[in-house]
Each structure stands twice: as C-alpha cells, then as structure tokens.
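Student: Just so it is clear, I am handing over input24.csv, which has CSV, C-alpha atoms.
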```csv
chain,number,residue,atom,x,y,z
H,1,MET,CA,0.0,0.0,0.0
H,2,LYS,CA,1.4,3.4,-1.0
H,3,THR,CA,1.6,6.1,1.7
H,4,ILE,CA,-0.1,9.4,0.7
H,5,PHE,CA,1.0,11.4,3.7
H,6,ALA,CA,4.1,10.5,5.7
H,7,ARG,CA,4.4,12.0,9.1
H,8,PRO,CA,7.7,14.0,9.3
H,9,ARG,CA,10.4,12.4,11.5
H,10,GLY,CA,10.2,13.4,15.1
H,11,TRP,CA,6.5,14.2,15.0
H,12,GLY,CA,4.4,12.4,17.5
H,13,ARG,CA,0.7,12.2,17.5
H,14,ALA,CA,0.4,15.5,19.3
H,15,GLY,CA,2.5,17.2,16.6
H,16,LEU,CA,0.4,15.7,13.9
H,17,ALA,CA,-2.8,16.8,15.7
H,18,ALA,CA,-1.5,20.4,16.1
H,19,PHE,CA,-0.6,20.5,12.4
H,20,SER,CA,-4.1,19.2,11.5
H,21,VAL,CA,-5.7,21.9,13.6
H,22,ILE,CA,-3.6,24.6,11.9
H,23,LEU,CA,-4.7,23.2,8.5
H,24,LEU,CA,-8.4,23.2,9.5
H,25,ILE,CA,-8.2,26.8,10.8
H,26,SER,CA,-6.6,28.0,7.6
H,27,ALA,CA,-9.2,26.2,5.5
H,28,LEU,CA,-12.0,27.8,7.5
H,29,GLY,CA,-10.6,31.3,7.0
H,30,CYS,CA,-8.9,33.5,9.4
H,31,ASP,CA,-8.6,37.2,9.9
H,32,LYS,CA,-5.3,39.1,9.8
H,33,ALA,CA,-4.6,38.2,13.4
H,34,GLY,CA,-5.1,34.5,12.6
H,35,LYS,CA,-8.4,34.2,14.4
H,36,PRO,CA,-11.2,32.2,12.7
H,37,VAL,CA,-13.6,34.6,10.9
H,38,GLN,CA,-17.1,34.9,12.5
H,39,ALA,CA,-20.3,36.1,10.8
H,40,LEU,CA,-21.4,39.6,11.8
H,41,GLU,CA,-24.9,40.4,12.7
H,42,PRO,CA,-26.3,43.3,10.6
H,43,ASN,CA,-27.9,46.3,12.3
H,44,ARG,CA,-30.1,49.2,11.2
H,45,GLN,CA,-27.1,51.0,9.7
H,46,THR,CA,-25.9,47.9,7.7
H,47,THR,CA,-26.3,48.4,4.0
H,48,CYS,CA,-25.8,46.3,0.9
H,49,ALA,CA,-22.4,46.7,-0.8
H,50,LEU,CA,-24.0,46.8,-4.3
H,51,ASP,CA,-27.1,49.0,-3.9
H,52,GLY,CA,-27.0,50.7,-0.5
H,53,MET,CA,-30.3,49.1,0.6
H,54,SER,CA,-30.7,48.4,4.3
H,55,LEU,CA,-30.4,44.7,5.0
H,56,LEU,CA,-33.0,44.7,7.6
H,57,ASP,CA,-35.8,46.1,5.4
H,58,PHE,CA,-36.2,43.1,3.1
H,59,PRO,CA,-37.2,39.4,3.2
H,60,GLY,CA,-35.1,36.4,2.3
H,61,PRO,CA,-31.5,35.3,3.1
H,62,LYS,CA,-28.7,37.8,3.5
H,63,ALA,CA,-25.0,37.2,2.8
H,64,GLN,CA,-21.6,38.6,3.8
H,65,ILE,CA,-18.1,38.2,2.3
H,66,HIS,CA,-15.1,38.8,4.6
H,67,TYR,CA,-11.8,39.8,2.9
H,68,GLY,CA,-8.2,39.3,3.9
H,69,ASP,CA,-7.8,43.0,4.4
H,70,GLY,CA,-10.3,42.9,7.2
H,71,GLU,CA,-13.2,44.5,5.2
H,72,THR,CA,-16.6,42.9,5.0
H,73,ASP,CA,-19.2,43.3,2.3
H,74,PHE,CA,-22.9,42.7,3.2
H,75,PHE,CA,-25.5,41.8,0.7
H,76,CYS,CA,-29.3,42.0,1.0
H,77,ASP,CA,-29.7,39.0,-1.2
H,78,THR,CA,-27.8,35.8,-2.0
H,79,MET,CA,-28.0,36.6,-5.7
H,80,GLU,CA,-25.9,39.7,-5.2
H,81,MET,CA,-23.3,37.8,-3.1
H,82,PHE,CA,-22.9,35.2,-5.8
H,83,SER,CA,-22.8,37.8,-8.6
H,84,VAL,CA,-19.8,39.5,-6.8
H,85,TYR,CA,-18.1,36.2,-5.8
H,86,LEU,CA,-18.3,34.7,-9.3
H,87,LYS,CA,-17.0,37.7,-11.2
H,88,PRO,CA,-13.8,36.9,-13.0
H,89,GLU,CA,-12.3,40.2,-12.0
H,90,GLN,CA,-12.7,39.4,-8.2
H,91,GLN,CA,-9.2,39.6,-7.0
H,92,ARG,CA,-9.5,40.2,-3.3
H,93,ARG,CA,-8.6,37.4,-1.0
H,94,ILE,CA,-11.7,36.0,0.6
H,95,THR,CA,-11.4,34.6,4.1
H,96,ALA,CA,-15.1,33.6,4.7
H,97,ILE,CA,-18.5,33.8,3.1
H,98,PHE,CA,-21.7,33.5,5.2
H,99,THR,CA,-25.4,33.3,4.4
H,100,GLN,CA,-28.4,32.5,6.5
H,101,ASP,CA,-29.9,29.1,7.1
H,102,MET,CA,-33.5,29.6,6.0
H,103,GLY,CA,-34.4,26.3,7.6
H,104,GLN,CA,-34.0,28.2,10.9
H,105,ALA,CA,-34.5,31.9,10.1
H,106,ASP,CA,-37.8,33.6,9.5
H,107,TRP,CA,-38.1,34.4,5.7
H,108,LYS,CA,-39.8,37.8,6.3
H,109,THR,CA,-37.4,39.1,8.9
H,110,PRO,CA,-34.3,36.8,8.9
H,111,LYS,CA,-31.9,37.3,11.8
H,112,GLY,CA,-28.9,35.2,12.9
H,113,HIS,CA,-28.5,31.6,11.8
H,114,TRP,CA,-25.4,32.3,9.8
H,115,ILE,CA,-23.7,29.4,8.1
H,116,ASP,CA,-20.7,28.8,5.9
H,117,ALA,CA,-22.0,29.7,2.4
H,118,LYS,CA,-19.7,27.2,0.7
H,119,ARG,CA,-21.2,24.3,2.7
H,120,ALA,CA,-24.8,25.4,2.2
H,121,TYR,CA,-27.5,24.1,-0.2
H,122,TYR,CA,-29.4,26.5,-2.4
H,123,VAL,CA,-32.8,26.5,-4.1
H,124,LEU,CA,-32.8,28.3,-7.4
H,125,GLY,CA,-36.2,29.3,-9.0
H,126,SER,CA,-38.5,29.1,-6.0
H,127,ASP,CA,-41.6,31.3,-5.6
H,128,MET,CA,-40.2,33.0,-2.5
H,129,PRO,CA,-38.8,36.5,-3.3
H,130,GLY,CA,-35.7,38.1,-1.8
H,131,SER,CA,-34.9,41.8,-1.6
H,132,MET,CA,-34.6,42.1,-5.4
H,133,GLY,CA,-37.1,39.5,-6.6
H,134,PRO,CA,-35.8,36.0,-7.4
H,135,THR,CA,-33.2,34.7,-5.0
H,136,LEU,CA,-31.3,31.6,-4.0
H,137,ALA,CA,-32.8,30.3,-0.7
H,138,SER,CA,-29.9,29.0,1.5
H,139,PHE,CA,-30.0,26.0,3.9
H,140,ALA,CA,-27.5,24.3,6.2
H,141,ARG,CA,-29.2,20.9,5.6
H,142,LEU,CA,-30.0,19.2,2.3
H,143,SER,CA,-33.3,17.9,3.8
H,144,ASP,CA,-34.5,21.4,4.5
H,145,ALA,CA,-33.5,22.5,1.0
H,146,ASP,CA,-35.4,19.5,-0.5
H,147,ALA,CA,-38.5,20.3,1.7
H,148,PHE,CA,-38.4,24.0,0.7
H,149,SER,CA,-38.1,23.0,-3.0
H,150,LYS,CA,-41.1,20.7,-2.8
H,151,LYS,CA,-43.2,23.4,-1.2
H,152,HIS,CA,-42.0,26.4,-3.2
H,153,GLY,CA,-40.6,25.0,-6.4
H,154,GLY,CA,-37.0,25.3,-7.7
H,155,LYS,CA,-33.9,23.2,-8.0
H,156,VAL,CA,-31.5,22.3,-5.2
H,157,LEU,CA,-27.9,23.1,-5.9
H,158,SER,CA,-24.6,23.1,-3.9
H,159,PHE,CA,-22.4,26.2,-3.8
H,160,SER,CA,-20.1,24.8,-6.5
H,161,GLN,CA,-23.0,24.2,-8.9
H,162,ILE,CA,-24.0,27.8,-9.0
H,163,THR,CA,-22.7,29.7,-12.1
H,164,SER,CA,-22.5,33.3,-13.0
H,165,GLU,CA,-25.3,32.8,-15.6
H,166,MET,CA,-27.7,31.8,-12.8
H,167,VAL,CA,-27.1,35.0,-10.7
H,168,THR,CA,-27.2,37.8,-13.2
H,169,LEU,CA,-28.9,40.8,-11.6
H,170,ASP,CA,-31.1,41.5,-14.7
H,171,GLY,CA,-33.5,38.7,-14.0
H,172,GLY,CA,-31.1,35.9,-14.5
H,173,VAL,CA,-32.1,32.4,-15.5
H,174,VAL,CA,-35.8,33.0,-14.7
H,175,ARG,CA,-35.7,36.2,-16.8
H,176,ASP,CA,-37.6,38.2,-14.2
H,177,GLU,CA,-37.3,41.8,-15.4
H,178,ARG,CA,-39.0,43.3,-12.3
H,179,MET,CA,-35.5,44.0,-10.7
```
Translate the structure of the given file into structure tokens.
Tutor:
Amino acid sequence: MKTIFARPRGWGRAGLAAFSVILLISALGCDKAGKPVQALEPNRQTTCALDGMSLLDFPGPKAQIHYGDGETDFFCDTMEMFSVYLKPEQQRRITAIFTQDMGQADWKTPKGHWIDAKRAYYVLGSDMPGSMGPTLASFARLSDADAFSKKHGGKVLSFSQITSEMVTLDGGVVRDERM
C-alpha cells in the first residue's frame, strides 16, 4: 500500500494533531490576526455593498463576504453575493462567506442563523422572493432545501454548482425583469 501522507520524523501524534488543527483553521478562513472569521450580525445601519439598501428592510436570506484586508461586504440577497463572488475580476482574498440558514431563520425578517455559504445548499427558482425578486434560498441541511423545493418549487444546488449565468442581476435564468 502506498503512503499518501508520511508524518515528518520526530513528529508524534500530538505534533500531527496540532498540524491538523492549523490546516483546519486555515481552511475555514482567518482574519489578519489568525483568528477564525465569525459572521457579523447586521444592524439598522448595515447596507448592501451593491445598492446601498438596508439589509433589515427586506425578506429572504442575506449574505456577507469577509476579505483578507479585514473588510466585510454585506448583501441584502444571495443573488448579489454570488454575482460578486463569481465575477472573474474578483481579485480580493476572501477569508469567509456566510449566508443565513432559511431552515431556521424567518423568511420575512431573517436574523442570525449564519452558516458557511460554501457548505450550504441553495434552491434556485422558488416562488419566494428576496430583496430584489428571485433569490437563492440557502440552507444548512439538504433535507431542509429539499422540503423547501417541494413546497415552493425550484432546484436544489450546492455552492459549487451555481454559475454566474444563474445569478445575473437583470432577472437571470428566470428572466424576471422586475428587478
């Protein structure tokens, strides 16, 4: 059997465990001080990075992108977050992306329930509007996304399955031009 990862000489189990923790933390995203990035809770003054709308004034899941320079962009809709994230000109180092678990949060006034956006499941094409019309409903659990899809329509996707064509802000795939 071929060894894929050989433990460096002199490393005991404790050394290997410490190395594993360092790798895990770096994979999760850390701020400039090396601390794991935490989601921030928007307040009345928090506005969307794209359109300046107040996050708390609209239904549906919100999102936030944390950058390596310590800055955070908030989005009043997951469509907006994906449209920024998937832009080919996006050059800033991203340390974390969060969205809300709509299996736990109230659709009309979502608060809290922040989850790692890259591990979430999304429903595209449901009948539930976000701040700008059609949105991607986000869920921590696949079973919640499936149940939402059965009730409100749409297709369940993982983060990596979402393409820039799906998140255009001109009505996108569903060609809703009310935006």
Student: What's the separation between atom CA of H:Gln45 and atom CA of H:Asp57, in Å to one decimal place?
Tutor: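 Atom CA of H:Asp57 lies at a distance of 10.9 Å from atom CA of H:Gln45.
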Student: Take atom CA of H:Glu71 and atom CA of H:Ala96 and report the distance between them in Å, one decimal.
Tutor: 11.1 Å
Student: Nearest to H:Leu56 among H:Gly112, H:Gly103, H:Pro36, H:Pro42, with distances taken over all atoms listed in the file: which residue is it?
Tutor: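 Of the candidates, the smallest distance to H:Leu56 is held by H:Pro42.
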Student: Of the candidates H:Ile97, H:Leu124, H:Leu86, H:Met102, which one gets nearest to H:Gln64 if we count all atoms listed in the file?
Tutor: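 Using all atoms listed in the file, H:Gln64 sits closest to H:Ile97.
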Student: Excluding same-chain residues fewer than 3 positions from H:Ser158, what lies within 10 Å of it counting all atoms listed in the file, as a list in words?
Tutor: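 Surrounding residues, per the criterion: Ala117, Lys118, Arg119, Ala120, Tyr121, Tyr122, Val123, Ser138, Phe139, Leu142, Gln161 and Ile162 of chain H.
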Student: So the first atom is atom CA of H:Asp144 and the second is atom CA of H:Met132; what is the distance between them in Å, to one decimal place?
Tutor: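 Separation of atom CA of H:Asp144 and atom CA of H:Met132: 22.9 Å.
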Student: Looking at H:Phe75, H:Trp114, H:Tyr67, H:Trp107, which one is nearest to H:Arg92, with distances taken over all atoms listed in the file?
Tutor: H:Tyr67
Student: For H:Ile65, which residue among H:Arg93, H:Lys155, H:Lys35, H:His113 is the nearest when counting only C-alpha atoms?
Tutor: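 Looking only at the distances to H:Ile65, the closest residue turns out to be H:Arg93.
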Student: Given the choices H:Thr78, H:Thr168, H:Gln91, H:Ser149, which gets closest to H:Asp127 if the distance is worked out from all atoms listed in the file?
Tutor: H:Ser149
Student: Select, from H:Lys108, H:Ala49, H:Gly125, H:Glu41, the residue with the minimum atom-to-atom distance to H:Gly153, counting all atoms listed in the file.
Tutor: H:Gly125
